[in-house]
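A short worksheet on the structure shown next.
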Amino acid sequence: MKIGRRLGVGLGLLLTAAFSFAHAQDPQPEFGTGWTDKTSVSAKKYMVAAANPHAVRAGYEVLKRGGTAADAAVAVQLVLNLVEPQSSGIGGGAFLLYWDAAAKTLHTIDGRETAPAAAVPERFLGPDGKPMKFFKAVVGGQSVGVPGTVRLLETMHRRFGKTPWPDLFAPAIALAEDGFTVSPRLATSIARAQKRGLDRFPVARAYFFDDRGVPLPAGHRLRNPEFAATLRRIANEGADAFYTGAIAADIVAAVAETSAVANNITLQDLAAYEAKDRPPVCTAYRAYEVCGMGPPTSGGLTLAQILGLLAQHDLRATGWNADFVHLYAEAAKLAYADRARYMADPDFVDVPAAGLVDAGYLKTRAGLIDAGKSLGKAEAGEPPAKKAMEWAPDAQRDRAGTSHFVIRDAAGNALSMTTTIESGFGSRVMVRGFLLNNELTDFSRRPEKNGKLVANRVEGGKRPRSSMAPTIVFKDGEPYLLIGSPGGSRIINYVAKSLIAILDWDMDPQDALEMGHFTHRNGKTLDLEEGTAAAGFGEALQAKGHRVKARNLNSGLHAILIKDGQLTGAADPRREGVAMGE
């Protein structure tokens with residue numbers, strides 16, 4: 001396997017003979033899930049799993065007609081923008097892992113948003129020198145980064161696609177013009193976001209609310225002809241139609257009109273945007289090689305650290321219990337401590353990536369884990385590095401306005417892509433039928449602490465740190481598992497837990513996704529998913545010194561296991577996703 005850059009380095013679901021969806025069955029009592037479980041979906045040729053049935057159907061039809069995973073991804077993303085606008089879209093960014101089966105090469109492409117060239121570290125400080133409150137910073141053009149998704153899609157398609165680019169826009173255009181039924185999840189999201197500024201600006205208010213200002217209900221037929229017109233232009237003219245010309249001018253104007261600060265996106269910022277090839281982060285774990293995205297997302301490195309720390313333990317023997325959750329939480333705390341100090345955009349910061357996953361370093365860090373008691377709040381370590389790092393730790397936590405999908409085509413090409421507009425509904429600024437991100441609030445709002453600069457501070461042209469963790473696991477040099485999730489800074493925990501369940505315990509992917517979650521971000525609490533068996537471990541974990549809290553943990557995991565000539569797809573029951581294949 002080569003791993004490198006470019007080439008060298010209404011939701012009614014019909015089941016037919018041609019395809020199958022994940023569907024409901026009786027709950028799995030051994031894991032105590034508090035929802036109606038889904039079943040894994042099996043296929044032989046190709047498969048897609050994503051967060052909405054409309055998007056999955058669009059991707060499936062592309063694969064059925066002989067399209068590549070890259071082709072299907074374009075169709076999936078565009079439909080997700082329409083039917084799940086709170087989570088991702090062309091006004092946001094994404095990270096992509098793409099396996100080119102013919103070349104046996106893994107490509108990782110960074111479509112993360114960037115800060116305006118004129119942005120300064122003090123962007124989110126108030127007149128008193130203190131950071132703005134989070135939602136004051138979020139709502140409006142001051143939080144909008146230069147979107148990366150469209151350029152990433154075009155870059156991917158030019159390299160790996162074969163279906164004509166305009167054809168891939170047809171499903172989203174048709175759905176936008178004909179309309180779709182507002183799902184229960186979208187309706188709930190709109191209602192909850194109203195108190196957080198979704199109705200502040202006229203364009204979004206007119207789209208998501210009725211004439212009385214009431215949030216659109218589930219079942220409402222929603223059309224978006226403006227979005228259809230935007231997609232037609234990009235379909236006919238390519239990504240440049242988004243980054244230059246009338247669309248770009250409208251983005252710049254909308255941002256300026258709604259921003260509370262200066263130095264916002266310019267036409268030059270948009271025209272200069274590039275999707276970047278990045279080196280993947282790969283680490284050996286048991287009999288597998290786990291590969292993820294490197295900085296500016298912290299997902300790949302932090303996941304690799306957690307797995308490296310836990311590799312010192314026989315998790316198969318430990319089993320699914322409070323003892324395992326304790327070990328996991330301690331590993332997560334150590335990894336998140338390093339994440340807070342060292343991880344940021346590598347074009348601006350010397351991230352000690354190799355040192356953070358160095359076997360000797362991880363062995364030393366693993367020695368801090370006591371099977372009997374919590375170590376408390378973890379401090380960052382001192383990984384081997386060419387330069388001494390003097391960064392201040394950053395506790396900034398990205399929000400959960402994100403989606404994830406996985407695709408495998410008939411030729412063996414495969415991808416894992418996490419896509420986002422950051423917080424639910426992004427900046428609330430809507431233009432030409434789509435929402436703009438609030439990705440700049442993924443930077444630290446405080447540029448320094450205790451006299452030391454924060455690595456993830458705002459700087460012109462910089463990409464904010466993320467937690468997105470699209471992952472491909474390899475076995476014997478071939479893709480074995482495609483997986484990822486939304487969920488803000490908890491994404492890494494969701495993916496790590498599910499990987500361990502599948503790789504260490506040989507669990508069916510659907511069962512692994514449905515297991516109760518437990519997350520630690522080196523904060524004050526070990527969070528346990530309410531209504532699941534994980535919440536039942538609370539007393540035993542408290543006895544080990546943890547402060548625990550039962551809460552809603554709303555992941556959106558999607559996975560495809562590739563084993564013994566069969567594809568097994570899974571979709572998180574906590575959201576509306578399905579898997580579909582043939």
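Every chain in the structure tokens takes a letter, A first, then B, and so on in the order presented; its residues are numbered from 1, and the ligands are numbered from 1 following the presented order.
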For this session: Determine which residues of region 23-106 of chain A DSSP labels as strand (DSSP E or B) from the backbone of this structure, then write them out as a VMD selection string.
Result: chain A and resid 24 38 41 to 43 47 to 50 93 to 100 105 to 106
Exercise. Leaving out Val214 (chain A) and any residue of its chain fewer than 6 positions from it, which residues lie within 12 Å of it when counting only C-alpha atoms, given as a count of residues only?
Worked result: 13
Problem set entry | For Glu330 (chain A): contacts at 7 Å, only C-alpha atoms, fewer than 4 positions along chain excluded, given as JSON, numbers by chain | {"A": [326, 334, 369, 374]}
Please dump the current selection as a PDB file, in the first residue's frame; keep C-alpha atoms.
ATOM      1  CA  HIS A 326     -11.779   3.592  32.953  1.00  0.00           C
ATOM      2  CA  LEU A 334      -3.707  12.009  27.999  1.00  0.00           C
ATOM      3  CA  ILE A 369      -2.461   4.981  33.613  1.00  0.00           C
ATOM      4  CA  SER A 374      -8.104   8.105  37.888  1.00  0.00           C
TER       5      SER A 374
END
Each residue of region 428-509 of chain A lying at most 12 Å from region 93-99 of chain A should get a row with its shortest atom-to-atom pair and the distance in Å to one decimal, counting only C-alpha atoms; could you produce that, ordered by chain and increasing number, as a tab-separated table?
residue	atom	partner	partner_atom	distance
A:Leu435	CA	A:Gly93	CA	11.9
A:Leu436	CA	A:Gly93	CA	10.0
A:Asn437	CA	A:Gly93	CA	8.1
A:Asn438	CA	A:Gly93	CA	10.5
A:Glu439	CA	A:Gly93	CA	8.5
A:Leu440	CA	A:Gly93	CA	11.6
A:Arg463	CA	A:Gly93	CA	10.4
A:Pro464	CA	A:Gly93	CA	11.0
A:Arg465	CA	A:Phe95	CA	11.9
A:Ser466	CA	A:Phe95	CA	9.7
A:Ser467	CA	A:Phe95	CA	10.5
A:Met468	CA	A:Phe95	CA	7.4
A:Ala469	CA	A:Phe95	CA	8.2
A:Pro470	CA	A:Leu97	CA	6.7
A:Thr471	CA	A:Leu97	CA	7.1
A:Ile472	CA	A:Leu97	CA	7.3
A:Val473	CA	A:Trp99	CA	10.9
A:Phe474	CA	A:Trp99	CA	10.4
A:Gly477	CA	A:Trp99	CA	11.1
A:Glu478	CA	A:Trp99	CA	9.1
A:Pro479	CA	A:Trp99	CA	7.9
A:Tyr480	CA	A:Trp99	CA	11.4
A:Leu481	CA	A:Trp99	CA	11.7
A:Leu482	CA	A:Leu97	CA	9.4
A:Ile483	CA	A:Leu97	CA	10.4
A:Gly484	CA	A:Leu97	CA	10.6
A:Ser485	CA	A:Phe95	CA	11.9
A:Pro486	CA	A:Ala94	CA	11.4
Dump C-alpha atoms for the selected residues as a PDB file, in the first residue's frame?
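Output below, filename again_15.pdb:
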ATOM      1  CA  LEU A 435     -25.728  28.502   4.802  1.00  0.00           C
ATOM      2  CA  LEU A 436     -22.249  29.798   5.495  1.00  0.00           C
ATOM      3  CA  ASN A 437     -20.072  28.175   8.132  1.00  0.00           C
ATOM      4  CA  ASN A 438     -18.990  29.564  11.500  1.00  0.00           C
ATOM      5  CA  GLU A 439     -15.660  27.768  11.301  1.00  0.00           C
ATOM      6  CA  LEU A 440     -13.582  30.655  12.641  1.00  0.00           C
ATOM      7  CA  ARG A 463      -7.096  26.786   8.972  1.00  0.00           C
ATOM      8  CA  PRO A 464      -8.729  26.241  12.372  1.00  0.00           C
ATOM      9  CA  ARG A 465      -8.084  23.056  14.287  1.00  0.00           C
ATOM     10  CA  SER A 466     -10.796  20.423  13.957  1.00  0.00           C
ATOM     11  CA  SER A 467     -11.744  17.141  15.616  1.00  0.00           C
ATOM     12  CA  MET A 468     -13.038  15.496  12.446  1.00  0.00           C
ATOM     13  CA  ALA A 469     -11.684  11.963  12.222  1.00  0.00           C
ATOM     14  CA  PRO A 470     -12.479  10.250   8.915  1.00  0.00           C
ATOM     15  CA  THR A 471     -10.751   6.882   9.183  1.00  0.00           C
ATOM     16  CA  ILE A 472      -9.840   3.923   6.994  1.00  0.00           C
ATOM     17  CA  VAL A 473      -8.508   0.786   8.659  1.00  0.00           C
ATOM     18  CA  PHE A 474      -6.300  -1.487   6.549  1.00  0.00           C
ATOM     19  CA  GLY A 477      -2.647  -3.661   2.720  1.00  0.00           C
ATOM     20  CA  GLU A 478      -6.322  -3.389   1.747  1.00  0.00           C
ATOM     21  CA  PRO A 479      -9.204  -1.378   3.226  1.00  0.00           C
ATOM     22  CA  TYR A 480     -10.939  -3.308   5.986  1.00  0.00           C
ATOM     23  CA  LEU A 481     -13.119  -0.690   7.683  1.00  0.00           C
ATOM     24  CA  LEU A 482     -14.372   2.764   6.657  1.00  0.00           C
ATOM     25  CA  ILE A 483     -15.695   4.831   9.561  1.00  0.00           C
ATOM     26  CA  GLY A 484     -16.232   8.321  10.973  1.00  0.00           C
ATOM     27  CA  SER A 485     -18.736  10.493  12.804  1.00  0.00           C
ATOM     28  CA  PRO A 486     -19.965  14.007  13.507  1.00  0.00           C
TER      29      PRO A 486
END
Problem set entry | Distance criterion (only C-alpha atoms): nearest to Phe518 (chain A) out of A:Asn321, A:Val578, A:Arg408, A:Val454 |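 Answer, going by the shortest atom-to-atom distance: A:Asn321.
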Please provide as a PDB file with N, CA and C atoms, in the first residue's frame all residues within 7 Å of Pro573 (chain A), with the sequence filter that same-chain residues fewer than 6 positions apart are discarded (counting only C-alpha atoms).
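What landed in out_26.pdb:
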ATOM      1  N   ASP A  37     -33.161  -0.146  17.342  1.00  0.00           N
ATOM      2  CA  ASP A  37     -31.926  -0.477  16.647  1.00  0.00           C
ATOM      3  C   ASP A  37     -32.155  -0.676  15.141  1.00  0.00           C
ATOM      4  N   LYS A  38     -31.065  -0.584  14.397  1.00  0.00           N
ATOM      5  CA  LYS A  38     -31.074  -0.906  12.984  1.00  0.00           C
ATOM      6  C   LYS A  38     -30.273  -2.177  12.778  1.00  0.00           C
ATOM      7  N   GLU A 514     -24.027   1.084  17.959  1.00  0.00           N
ATOM      8  CA  GLU A 514     -25.142   1.269  18.885  1.00  0.00           C
ATOM      9  C   GLU A 514     -24.764   1.129  20.352  1.00  0.00           C
TER      10      GLU A 514
END
Exercise. From the set A:Arg233, A:Lys497, A:Arg432, A:Arg341, which residue has the shortest atom-to-atom contact distance to Ala254 (chain A), counting only C-alpha atoms?
Worked result: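 Checking each of A:Arg233, A:Lys497, A:Arg432, A:Arg341 against Ala254 (chain A), counting only C-alpha atoms, the winner is A:Arg432.
Considering only C-alpha atoms, the residue among A:Gly487, A:Gly461, A:Gly556, A:Gly294 positioned nearest to Ala118 (chain A) is A:Gly461.
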Problem set entry | Atom pair CA of Pro164 (chain A) / CA of Gly433 (chain A): separation (Å) |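 Distance reported for this atom pair: 23.7 Å.
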Exercise. In Å to one decimal, how far is CA of Ala70 (chain A) from CA of His558 (chain A)?
Worked result: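 A separation of 17.1 Å between them.
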Exercise. So which residues touch Leu310 (chain A) within 9 Å, counting only C-alpha atoms, skipping near sequence neighbours fewer than 3 positions away, as a PyMOL selection string?
Worked result: chain A and resi 305-307+313-315+327-328+331+366
